[in-house]
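input-v3.cif, holding mmCIF, C-alpha atoms and all ligand atoms:
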```cif
data_protein
#
loop_
_atom_site.label_atom_id
_atom_site.label_comp_id
_atom_site.auth_asym_id
_atom_site.auth_seq_id
_atom_site.Cartn_x
_atom_site.Cartn_y
_atom_site.Cartn_z
CA MET A 487 89.20 -14.09 -35.64
CA THR A 488 87.29 -15.75 -32.85
CA ARG A 489 89.15 -17.43 -30.00
CA PHE A 490 86.14 -19.64 -29.29
CA THR A 491 86.77 -23.10 -30.67
CA VAL A 492 84.00 -24.90 -28.75
CA PRO A 493 80.36 -23.81 -29.22
CA PRO A 494 77.77 -24.17 -26.43
CA PRO A 495 76.67 -27.83 -26.53
CA LYS A 496 73.33 -28.46 -28.23
CA SER A 497 72.46 -31.17 -25.69
CA LEU A 498 72.44 -28.58 -22.91
CA GLN A 499 69.73 -26.62 -24.71
CA GLN A 500 67.34 -29.49 -23.90
CA PRO A 501 65.73 -29.65 -20.46
CA LEU A 502 67.28 -32.05 -17.92
CA SER A 503 65.72 -35.45 -18.39
CA VAL A 504 65.72 -38.05 -15.61
CA PRO A 505 63.52 -41.14 -15.95
CA LYS A 506 61.51 -42.43 -12.99
CA ARG A 507 63.10 -45.64 -11.76
CA LEU A 508 62.74 -48.04 -8.89
CA LEU A 509 66.28 -48.76 -7.76
CA LEU A 510 66.31 -52.33 -6.46
CA GLY A 511 69.97 -53.03 -7.19
CA PRO A 512 72.77 -53.08 -4.59
CA GLY A 513 72.80 -49.27 -4.50
CA PRO A 514 72.05 -46.49 -4.81
CA SER A 515 68.50 -46.90 -3.52
CA ASN A 516 65.77 -44.31 -4.09
CA ILE A 517 65.89 -41.24 -1.89
CA SER A 518 62.97 -40.37 0.35
CA SER A 519 60.94 -37.22 -0.32
CA ARG A 520 62.02 -35.69 3.01
CA VAL A 521 65.68 -36.18 2.11
CA GLN A 522 65.01 -34.88 -1.40
CA GLU A 523 63.43 -31.72 0.03
CA ALA A 524 66.37 -31.18 2.38
CA GLY A 525 68.70 -31.42 -0.62
CA GLY A 526 66.60 -28.83 -2.47
CA ARG A 527 67.12 -26.10 0.16
CA GLN A 528 69.11 -22.97 -0.61
CA ILE A 529 72.64 -23.37 0.75
CA ILE A 530 74.47 -21.43 3.47
CA GLY A 531 78.24 -21.02 3.76
CA HIS A 532 80.27 -24.07 4.75
CA MET A 533 81.93 -22.11 7.60
CA HIS A 534 78.76 -20.53 9.01
CA PRO A 535 77.97 -21.41 12.65
CA GLU A 536 74.59 -22.83 11.56
CA MET A 537 76.46 -25.23 9.27
CA PHE A 538 78.64 -26.36 12.17
CA GLN A 539 75.46 -27.02 14.17
CA ILE A 540 74.15 -29.21 11.35
CA MET A 541 77.51 -31.02 11.24
CA ASP A 542 77.23 -31.62 15.01
CA GLN A 543 73.76 -33.10 14.45
CA ILE A 544 75.17 -35.35 11.71
CA LYS A 545 77.92 -36.46 14.09
CA ALA A 546 75.30 -37.38 16.73
CA GLY A 547 73.27 -39.22 14.07
CA ILE A 548 76.30 -41.25 12.97
CA GLN A 549 77.14 -42.03 16.61
CA TYR A 550 73.63 -43.45 16.98
CA ALA A 551 73.74 -45.37 13.67
CA PHE A 552 77.19 -46.80 14.55
CA GLN A 553 76.35 -47.26 18.27
CA THR A 554 79.47 -45.44 19.38
CA THR A 555 80.43 -42.54 21.63
CA ASN A 556 83.64 -41.88 19.65
CA ASN A 557 84.45 -38.19 19.49
CA LEU A 558 86.17 -38.55 16.11
CA THR A 559 83.00 -39.25 14.13
CA LEU A 560 82.20 -37.38 10.92
CA ALA A 561 81.10 -37.60 7.31
CA ILE A 562 83.74 -37.74 4.58
CA SER A 563 82.98 -35.62 1.51
CA GLY A 564 82.86 -38.43 -1.01
CA SER A 565 81.34 -41.84 -1.62
CA GLY A 566 82.07 -45.08 0.26
CA HIS A 567 85.40 -45.47 -1.53
CA ALA A 568 86.55 -42.13 -0.15
CA ALA A 569 85.86 -43.36 3.39
CA MET A 570 87.68 -46.62 2.69
CA GLU A 571 90.63 -44.63 1.41
CA ALA A 572 90.41 -42.18 4.35
CA ALA A 573 90.60 -45.05 6.84
CA LEU A 574 93.55 -46.77 5.17
CA VAL A 575 95.52 -43.66 4.26
CA ASN A 576 95.31 -42.21 7.78
CA VAL A 577 96.07 -45.42 9.69
CA LEU A 578 98.75 -47.02 7.53
CA GLU A 579 102.30 -45.85 6.98
CA PRO A 580 104.51 -47.20 4.17
CA GLY A 581 106.02 -50.57 5.03
CA GLU A 582 103.47 -51.46 7.73
CA ALA A 583 101.65 -54.76 7.46
CA VAL A 584 97.91 -54.75 6.78
CA LEU A 585 95.80 -57.91 6.66
CA ILE A 586 92.84 -57.85 4.28
CA ALA A 587 89.94 -60.30 4.49
CA MET A 588 89.09 -60.97 0.87
CA ASN A 589 85.88 -62.80 -0.05
CA GLY A 590 84.57 -60.42 -2.69
CA VAL A 591 85.34 -57.18 -4.45
CA TRP A 592 85.65 -54.92 -1.37
CA GLY A 593 88.67 -56.75 0.00
CA GLU A 594 90.23 -56.41 -3.45
CA ARG A 595 89.66 -52.65 -3.40
CA ALA A 596 91.10 -52.30 0.13
CA ALA A 597 94.17 -54.33 -0.88
CA ASP A 598 94.67 -52.11 -3.93
CA ILE A 599 94.56 -48.96 -1.76
CA GLY A 600 96.96 -50.56 0.75
CA GLU A 601 99.44 -51.30 -2.07
CA ARG A 602 99.21 -47.70 -3.33
CA ILE A 603 100.09 -46.50 0.18
CA GLY A 604 103.16 -48.74 0.11
CA ALA A 605 101.93 -50.94 2.96
CA LYS A 606 102.82 -54.63 3.17
CA VAL A 607 99.50 -56.12 2.06
CA GLN A 608 98.70 -59.62 3.31
CA LYS A 609 95.53 -61.34 2.12
CA LEU A 610 93.24 -63.72 3.94
CA VAL A 611 91.27 -65.22 1.07
CA LYS A 612 87.93 -67.10 1.01
CA THR A 613 85.76 -68.21 -1.88
CA PRO A 614 83.11 -65.57 -2.76
CA GLY A 615 79.93 -66.54 -0.90
CA GLU A 616 81.76 -67.59 2.26
CA SER A 617 82.64 -65.70 5.44
CA PHE A 618 85.51 -65.83 7.93
CA SER A 619 85.70 -67.71 11.25
CA LEU A 620 87.57 -66.45 14.31
CA GLN A 621 90.02 -69.33 13.80
CA ASP A 622 90.76 -68.21 10.21
CA ILE A 623 91.40 -64.69 11.44
CA GLU A 624 93.50 -65.62 14.47
CA LYS A 625 95.77 -67.85 12.38
CA ALA A 626 96.41 -65.00 9.93
CA LEU A 627 96.97 -62.44 12.72
CA VAL A 628 99.60 -64.71 14.29
CA GLN A 629 101.27 -65.32 10.93
CA HIS A 630 101.36 -61.76 9.57
CA LYS A 631 101.37 -59.56 12.71
CA PRO A 632 99.52 -56.71 10.96
CA VAL A 633 98.92 -53.26 12.47
CA LEU A 634 95.47 -53.22 10.81
CA PHE A 635 92.87 -55.83 9.82
CA PHE A 636 90.22 -54.96 7.21
CA ILE A 637 86.95 -56.86 6.90
CA THR A 638 83.60 -56.20 5.19
CA HIS A 639 80.39 -56.51 7.22
CA GLY A 640 77.96 -56.55 4.28
CA GLU A 641 79.73 -58.01 1.23
CA SER A 642 77.46 -56.60 -1.45
CA SER A 643 79.25 -58.32 -4.35
CA THR A 644 78.45 -61.74 -2.90
CA GLY A 645 75.47 -61.12 -0.58
CA VAL A 646 77.25 -62.32 2.55
CA VAL A 647 76.97 -60.82 6.03
CA GLN A 648 80.06 -61.31 8.21
CA ASN A 649 79.54 -62.15 11.90
CA LEU A 650 81.68 -59.54 13.66
CA ASP A 651 81.38 -60.84 17.23
CA GLY A 652 84.75 -61.58 18.78
CA ILE A 653 86.89 -60.13 15.98
CA GLY A 654 87.50 -56.84 17.81
CA SER A 655 88.83 -58.43 20.98
CA LEU A 656 90.89 -60.88 18.93
CA CYS A 657 92.53 -57.99 17.05
CA LYS A 658 93.11 -56.12 20.31
CA SER A 659 94.89 -59.11 21.85
CA HIS A 660 97.17 -59.19 18.79
CA ASN A 661 97.85 -55.46 18.99
CA CYS A 662 96.09 -54.81 15.71
CA LEU A 663 93.37 -52.29 14.81
CA LEU A 664 90.08 -53.52 13.35
CA LEU A 665 88.66 -51.67 10.32
CA VAL A 666 85.15 -52.60 9.16
CA ASP A 667 83.31 -51.64 5.95
CA SER A 668 79.57 -51.25 6.59
CA VAL A 669 78.61 -49.40 3.38
CA ALA A 670 76.02 -52.00 2.39
CA SER A 671 74.90 -53.12 5.86
CA LEU A 672 74.47 -50.00 8.03
CA GLY A 673 70.87 -49.72 9.20
CA GLY A 674 69.98 -53.09 7.67
CA ALA A 675 71.88 -55.54 9.88
CA PRO A 676 72.86 -55.37 13.58
CA LEU A 677 76.15 -53.55 14.16
CA PHE A 678 77.55 -52.22 17.46
CA MET A 679 80.81 -50.33 17.00
CA ASP A 680 81.70 -49.90 20.68
CA ASN A 681 80.33 -53.21 21.92
CA GLN A 682 82.03 -55.14 19.12
CA GLU A 683 85.29 -53.26 19.72
CA ILE A 684 85.57 -52.02 16.15
CA ASP A 685 88.37 -49.44 15.99
CA ILE A 686 87.46 -47.81 12.68
CA LEU A 687 84.08 -48.07 10.96
CA TYR A 688 82.81 -46.43 7.79
CA SER A 689 79.69 -46.53 5.66
CA GLY A 690 77.95 -44.77 2.78
CA SER A 691 74.86 -42.62 2.39
CA GLN A 692 73.14 -44.07 -0.67
CA LYS A 693 71.96 -47.45 0.53
CA VAL A 694 69.75 -48.00 3.61
CA LEU A 695 69.91 -44.27 4.44
CA ASN A 696 68.18 -43.38 1.13
CA CYS A 697 70.39 -40.36 0.72
CA PRO A 698 72.14 -39.14 -2.43
CA PRO A 699 75.67 -40.55 -2.85
CA GLY A 700 78.45 -38.16 -1.89
CA THR A 701 78.91 -38.37 1.88
CA ALA A 702 80.34 -41.25 3.89
CA PRO A 703 80.06 -41.64 7.68
CA ILE A 704 83.26 -42.68 9.45
CA SER A 705 84.38 -43.07 13.07
CA PHE A 706 87.68 -43.73 14.86
CA ASN A 707 87.98 -44.84 18.51
CA GLU A 708 90.71 -43.78 20.94
CA ARG A 709 93.03 -46.65 19.98
CA ALA A 710 92.72 -45.64 16.31
CA CYS A 711 93.27 -41.95 17.19
CA GLN A 712 96.47 -42.86 19.03
CA LYS A 713 97.76 -44.43 15.84
CA ILE A 714 96.66 -41.78 13.35
CA PHE A 715 97.76 -38.79 15.42
CA ASN A 716 101.22 -40.24 16.18
CA ARG A 717 102.33 -41.00 12.64
CA LYS A 718 105.89 -40.41 11.51
CA THR A 719 104.86 -39.53 7.96
CA LYS A 720 102.02 -37.35 6.65
CA PRO A 721 99.13 -39.24 5.04
CA THR A 722 99.63 -39.04 1.27
CA SER A 723 96.17 -37.48 0.82
CA LEU A 724 95.65 -33.91 1.98
CA TYR A 725 91.94 -34.04 1.15
CA LEU A 726 91.37 -37.04 3.43
CA ASP A 727 93.88 -36.08 6.16
CA MET A 728 92.16 -36.69 9.50
CA GLY A 729 94.37 -34.02 11.09
CA TRP A 730 92.45 -31.46 9.04
CA LEU A 731 89.07 -33.18 9.00
CA SER A 732 88.98 -33.76 12.76
CA ASN A 733 89.32 -30.00 13.28
CA LEU A 734 86.68 -29.19 10.66
CA TRP A 735 84.25 -31.51 12.48
CA GLY A 736 84.94 -30.02 15.93
CA TYR A 737 87.07 -32.85 17.39
CA ASP A 738 89.47 -30.48 19.17
CA GLU A 739 88.90 -27.23 21.04
CA SER A 740 90.61 -25.02 18.46
CA PRO A 741 88.43 -22.96 16.09
CA ARG A 742 87.37 -24.76 12.94
CA LYS A 743 89.62 -23.93 10.01
CA TYR A 744 88.81 -24.00 6.31
CA HIS A 745 90.05 -27.22 4.76
CA HIS A 746 87.73 -27.83 1.81
CA THR A 747 84.26 -26.62 0.85
CA SER A 748 81.85 -29.16 2.33
CA PRO A 749 79.16 -30.62 0.03
CA ILE A 750 76.56 -28.50 1.84
CA THR A 751 73.52 -29.84 -0.01
CA CYS A 752 74.60 -33.45 0.58
CA LEU A 753 75.08 -32.68 4.28
CA PHE A 754 71.54 -31.28 4.56
CA ALA A 755 70.29 -34.50 2.99
CA LEU A 756 72.42 -36.69 5.25
CA ARG A 757 71.17 -34.83 8.32
CA GLU A 758 67.58 -35.66 7.40
CA ALA A 759 68.40 -39.27 6.48
CA LEU A 760 70.01 -39.79 9.88
CA ALA A 761 67.04 -38.11 11.58
CA ILE A 762 64.70 -40.57 9.85
CA LEU A 763 66.84 -43.52 10.98
CA ALA A 764 66.80 -42.20 14.56
CA GLU A 765 63.01 -41.79 14.42
CA GLN A 766 62.48 -45.28 12.99
CA GLY A 767 64.88 -46.86 15.50
CA LEU A 768 67.72 -49.19 14.59
CA GLU A 769 66.06 -52.32 16.06
CA ASN A 770 62.91 -51.75 13.97
CA TYR A 771 64.93 -51.12 10.82
CA TRP A 772 67.07 -54.26 11.34
CA LYS A 773 63.91 -56.33 11.88
CA LEU A 774 62.22 -54.86 8.80
CA HIS A 775 65.20 -55.67 6.57
CA GLN A 776 65.54 -59.20 7.96
CA GLU A 777 61.82 -59.99 7.56
CA ASN A 778 61.52 -58.61 4.05
CA ALA A 779 64.74 -60.31 2.94
CA GLU A 780 63.37 -63.66 4.14
CA TYR A 781 60.08 -62.93 2.35
CA LEU A 782 61.98 -62.15 -0.86
CA HIS A 783 64.15 -65.27 -0.50
CA LYS A 784 61.09 -67.49 -0.18
CA GLY A 785 59.46 -65.91 -3.22
CA LEU A 786 62.61 -66.39 -5.29
CA GLU A 787 62.93 -70.03 -4.23
CA ASP A 788 59.24 -70.60 -5.04
CA LEU A 789 60.07 -69.39 -8.57
CA GLY A 790 62.69 -72.13 -8.78
CA LEU A 791 65.64 -69.75 -8.43
CA LYS A 792 68.68 -70.67 -6.33
CA LEU A 793 70.12 -68.30 -3.78
CA PHE A 794 73.89 -67.88 -4.10
CA VAL A 795 74.54 -67.96 -0.32
CA LYS A 796 73.54 -71.39 0.92
CA ASP A 797 73.78 -70.80 4.68
CA LYS A 798 70.71 -68.77 5.72
CA SER A 799 72.50 -67.13 8.66
CA MET A 800 75.15 -65.77 6.26
CA ARG A 801 72.68 -64.00 3.95
CA LEU A 802 72.97 -60.22 3.93
CA PRO A 803 69.48 -58.76 4.57
CA THR A 804 70.05 -55.69 2.37
CA VAL A 805 71.44 -57.29 -0.80
CA THR A 806 70.30 -60.68 -2.07
CA THR A 807 72.35 -62.67 -4.57
CA ILE A 808 70.72 -65.21 -6.88
CA ALA A 809 72.73 -67.74 -8.91
CA VAL A 810 72.21 -66.81 -12.58
CA PRO A 811 69.54 -69.29 -13.69
CA GLU A 812 70.93 -71.99 -15.92
CA GLY A 813 70.81 -71.31 -19.64
CA TYR A 814 70.18 -67.56 -19.32
CA GLU A 815 72.40 -64.57 -20.04
CA TRP A 816 72.22 -62.44 -16.87
CA LYS A 817 72.23 -59.23 -18.91
CA ASP A 818 69.09 -60.28 -20.83
CA ILE A 819 67.26 -60.55 -17.50
CA THR A 820 68.40 -57.21 -16.06
CA ASN A 821 67.73 -55.48 -19.41
CA PHE A 822 64.24 -57.00 -19.68
CA ILE A 823 63.32 -55.84 -16.18
CA MET A 824 64.66 -52.34 -16.80
CA LYS A 825 62.88 -52.03 -20.14
CA ASN A 826 59.52 -53.41 -19.06
CA TYR A 827 59.31 -52.41 -15.40
CA GLN A 828 61.74 -49.47 -15.04
CA ILE A 829 63.29 -51.43 -12.17
CA GLU A 830 67.02 -51.73 -11.67
CA ILE A 831 68.45 -55.04 -10.53
CA THR A 832 72.06 -55.82 -11.39
CA GLY A 833 74.47 -58.60 -12.24
CA GLY A 834 77.52 -59.50 -10.17
CA LEU A 835 80.57 -57.40 -9.39
CA GLY A 836 84.26 -58.35 -9.36
CA PRO A 837 84.55 -62.08 -8.67
CA THR A 838 80.78 -62.64 -9.01
CA ILE A 839 80.37 -61.17 -12.51
CA GLY A 840 78.41 -63.67 -14.60
CA MET A 841 77.61 -65.75 -11.52
CA VAL A 842 74.84 -63.80 -9.79
CA LEU A 843 71.96 -61.37 -10.06
CA ARG A 844 71.71 -58.86 -7.20
CA ILE A 845 68.58 -57.38 -5.65
CA GLY A 846 68.66 -54.68 -2.98
CA LEU A 847 65.75 -53.88 -0.66
CA MET A 848 67.05 -50.96 1.36
CA GLY A 849 65.44 -48.33 3.58
CA ILE A 850 62.24 -46.98 2.02
CA ASN A 851 62.60 -49.51 -0.81
CA CYS A 852 62.49 -52.36 1.70
CA THR A 853 58.81 -53.32 1.42
CA LYS A 854 56.89 -56.54 0.75
CA ALA A 855 55.23 -54.77 -2.20
CA ASN A 856 58.65 -54.18 -3.80
CA ALA A 857 59.64 -57.79 -3.10
CA ASP A 858 56.42 -58.94 -4.84
CA LEU A 859 57.07 -56.59 -7.74
CA VAL A 860 60.62 -57.77 -8.38
CA ILE A 861 59.54 -61.42 -8.09
CA ARG A 862 56.82 -60.78 -10.67
CA ALA A 863 59.31 -59.01 -12.95
CA LEU A 864 61.76 -61.91 -12.64
CA LYS A 865 59.04 -64.46 -13.43
CA ASP A 866 58.15 -62.46 -16.51
CA ALA A 867 61.81 -62.20 -17.53
CA LEU A 868 62.34 -65.94 -17.17
CA GLU A 869 59.34 -66.56 -19.42
CA HIS A 870 60.34 -64.04 -22.07
CA CYS A 871 64.14 -64.06 -22.21
CA LYS A 872 65.49 -66.64 -24.61
CA LYS A 873 67.66 -69.34 -23.16
CA SER A 874 70.87 -68.69 -25.08
CA LYS A 875 73.09 -71.26 -23.38
CA HIS A 876 72.54 -74.99 -23.28
N1 LIG B 1 81.83 -51.16 0.26
C1 LIG B 1 80.69 -51.82 0.03
C2 LIG B 1 80.35 -53.00 0.87
C3 LIG B 1 79.82 -51.38 -0.97
O1 LIG B 1 78.67 -52.05 -1.20
C4 LIG B 1 80.16 -50.25 -1.73
C5 LIG B 1 79.24 -49.70 -2.81
N2 LIG B 1 78.64 -50.64 -3.61
C6 LIG B 1 81.38 -49.61 -1.47
C7 LIG B 1 82.19 -50.09 -0.46
C8 LIG B 1 81.83 -48.43 -2.25
O2 LIG B 1 80.99 -47.37 -2.11
P1 LIG B 1 80.83 -46.20 -3.21
O3 LIG B 1 80.29 -46.83 -4.45
O4 LIG B 1 79.86 -45.30 -2.53
O5 LIG B 1 82.16 -45.59 -3.40
#
```

Written as structure tokens, that's how I'd like the structure from this file.
Ligand code: PMP
Amino acid sequence: MTRFTVPPPKSLQQPLSVPKRLLLGPGPSNISSRVQEAGGRQIIGHMHPEMFQIMDQIKAGIQYAFQTTNNLTLAISGSGHAAMEAALVNVLEPGEAVLIAMNGVWGERAADIGERIGAKVQKLVKTPGESFSLQDIEKALVQHKPVLFFITHGESSTGVVQNLDGIGSLCKSHNCLLLVDSVASLGGAPLFMDNQEIDILYSGSQKVLNCPPGTAPISFNERACQKIFNRKTKPTSLYLDMGWLSNLWGYDESPRKYHHTSPITCLFALREALAILAEQGLENYWKLHQENAEYLHKGLEDLGLKLFVKDKSMRLPTVTTIAVPEGYEWKDITNFIMKNYQIEITGGLGPTIGMVLRIGLMGINCTKANADLVIRALKDALEHCKKSKH
């Protein structure tokens, strides 16, 4: 009698099939051929000295991208959520107060993680599509006296960019650490970790960096290190414990110890993506994203579409949100564009589901030609999709 109860799956006898797509949603964006080639290299061991050299280069690349000299700078093995969780789980101890700026889905996610840690989660809430003023933030800091304040730089569910100037010093004067999510904004909108006194900053690899998802840059300054290395309790996650990860990324003098097997292929890719960003130059990349976003916005408005974020200065250059045109089902539009153009644009997320369409022009995808293409596709969709609502 055979002990095999599951035969080899028939589907795996077919060759791998991946369609060619232009990814103009809020992420991931297409990966560049140089990054793709780096990811196709044969691997080496995760504890080989050559791997540590590559990790050091990644650290230097993140320091440039973040504009920081922080020694505790590394890439988390995981997507943007893993970095969000790493930041919160290492900084917060159960019972401590955390203040979360919530104007879209990312604040909701951070609050959820904070609750799981057993922190006292306080929420500073704004309508999706709006951003926070220094007065809003100061009032909440005085009221809740948090040890940590979370805010999102590029709110990709709403298309809002948050002005970060002044928030760092405000938090400092209230004895609170500032944690910023830059997953959707890094490389596409000005951000200066040290100059803006951001204590903890994290991002992702699959947006402006045009890298496969799976690694997430993160950095902690001295003030943040003081807090995370003087905890009374262990962070509840061993995988994301900065005590371990700091050593693996060469933060201290002691020899690097095995903690987990790094995603070697993803690190090769990230190394090249950061090298490309350094070659392009942050200022040039910020300018490119701003100019092409404005070009896209004009084209969309010429089509008669309404942008979801009214205030031009609050529009995120990387991800544009359009109010779902009246009478249309948003899904009909995204499906039409996928079917006829092999282009991904998406609907809303969290509080903006059903309210917006989202278009991302990020990194190598950020071109006027792509803006023209998506405008043409939208025009076509508006002409062909039936108006189902009246
Ligand atoms: N924060 C922001 C602002 C994001 O746009 C995203 C990804 N859409 C995330 C966090 C989560 O990243 P990931 O999907 O890589 O886990």

Would you give me, as a Markdown table, each residue of chain A having an atom within 6 Å of an atom of ligand LIG 1 (chain B), along with its shortest atom pair and that distance in Å to one decimal, using all atoms listed in the file and sorting by chain and residue number?
```
| residue | atom | partner | partner_atom | distance |
| --- | --- | --- | --- | --- |
| A:Ser565 | CA | B:LIG1 | O4 | 3.9 |
| A:Gly566 | CA | B:LIG1 | O2 | 3.5 |
| A:His567 | CA | B:LIG1 | O5 | 3.7 |
| A:Trp592 | CA | B:LIG1 | N1 | 5.6 |
| A:Gly640 | CA | B:LIG1 | C2 | 5.5 |
| A:Glu641 | CA | B:LIG1 | C2 | 5.1 |
| A:Ser642 | CA | B:LIG1 | O1 | 4.7 |
| A:Asp667 | CA | B:LIG1 | N1 | 5.9 |
| A:Val669 | CA | B:LIG1 | C1 | 4.6 |
| A:Ala670 | CA | B:LIG1 | O1 | 4.5 |
| A:Gly690 | CA | B:LIG1 | O4 | 5.7 |
```

Revision key, fill the gap. Closest of A:Leu756, A:Ala764, A:Ile829, A:Ala857 to Gly673 of chain A, counting all atoms listed in the file, is A:Ala764

Check your understanding: If you count only C-alpha atoms, which residues fall within 7 Å of Leu560 of chain A, apart from same-chain ones fewer than 2 positions away, as a ChimeraX atom specification?
Key -> /A:545,558,562,703-705,735

Review point. Which polymer residues have any atom within 9 Å of an atom of Gly604 of chain A, counting all atoms listed in the file, with same-chain residues fewer than 2 positions away left out, as a list in words?
Key: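 Those residues are Leu578, Glu579, Pro580, Gly581, Glu582, Ile599, Gly600, Glu601, Arg602, Lys606 and Val607 of chain A.
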
Check your understanding: Hey, which of A:Thr807, A:Gln648, A:Gln539, A:Asn778 ends up closest to Asp858 of chain A? Count only C-alpha atoms.
Key ->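 Residue with the minimum atom-to-atom distance to Asp858 of chain A: A:Asn778.
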
**Study point:** Residues within 8 Å of Thr832 of chain A, all atoms listed in the file, excluding chain neighbours under 3 positions, as number ranges by chain
**Key:** A: 511-512, 820, 843-845

Practice item. Do a neighbour search on Gly652 of chain A at 8 Å with all atoms listed in the file, toss out local chain neighbours closer than 2 positions, and write the hits as a list in words. Key: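 My list of contacting residues is Leu620, Leu650, Gly654, Ser655, Leu656 and Gln682 of chain A.
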
**Study point:** Nearest candidate to Ile714 of chain A (options A:Asn576, A:Trp816, A:Gln543, A:Val521; using all atoms listed in the file)
**Key:**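 Looking only at the distances to Ile714 of chain A, the closest residue turns out to be A:Asn576.
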
**Study point:** Option closest in space to Lys798 of chain A, from A:His746, A:Arg595, A:His630, A:Lys784 [counting all atoms listed in the file]
**Key:**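 Closest to Lys798 of chain A of all the choices is A:Lys784.
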
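Rounded to one decimal, atom CA of Ala855 of chain A and atom CA of Tyr781 of chain A lie 10.5 Å from each other.
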
Point to revise | Point-to-point distance in Å for atom CA of Lys693 of chain A and atom CA of Cys662 of chain A | key: 29.4 Å

Review point. How far is it from atom CA of Ser659 of chain A to atom CA of Glu624 of chain A, in Å with one decimal?
Key: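 That distance, rounded to one decimal, is 9.9 Å.
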
Review point. Got a sec: who's within 7 Å of Met679 of chain A, counting all atoms listed in the file, leaving out chain neighbours fewer than 2 positions off, as a PyMOL selection string?
Key: chain A and resi 552-554+677+681-684

Check your understanding: Once you count only C-alpha atoms, which residues end up no further than 12 Å from (57.5, -58.8, -13.1) in the file's frame, shown as a list in words?
Key ->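 Output of the proximity query reads Leu789, Ile819, Thr820, Phe822, Ile823, Met824, Lys825, Asn826, Tyr827, Gln828, Ile829, Glu830, Ile831, Ala855, Asn856, Ala857, Asp858, Leu859, Val860, Ile861, Arg862, Ala863, Leu864, Lys865, Asp866, Ala867, Leu868, Glu869 and His870 of chain A.
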
Practice item. Can you work out which one of A:Ala710, A:Ile839, A:Leu753, A:Leu847 has the shortest atom-to-atom distance to Asn557 of chain A, counting all atoms listed in the file? Key: A:Ala710

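Considering the residues A:Lys713, A:Gly674, A:Met728, A:Met800 and counting all atoms listed in the file, Leu763 of chain A has its shortest atom-to-atom contact with A:Gly674.
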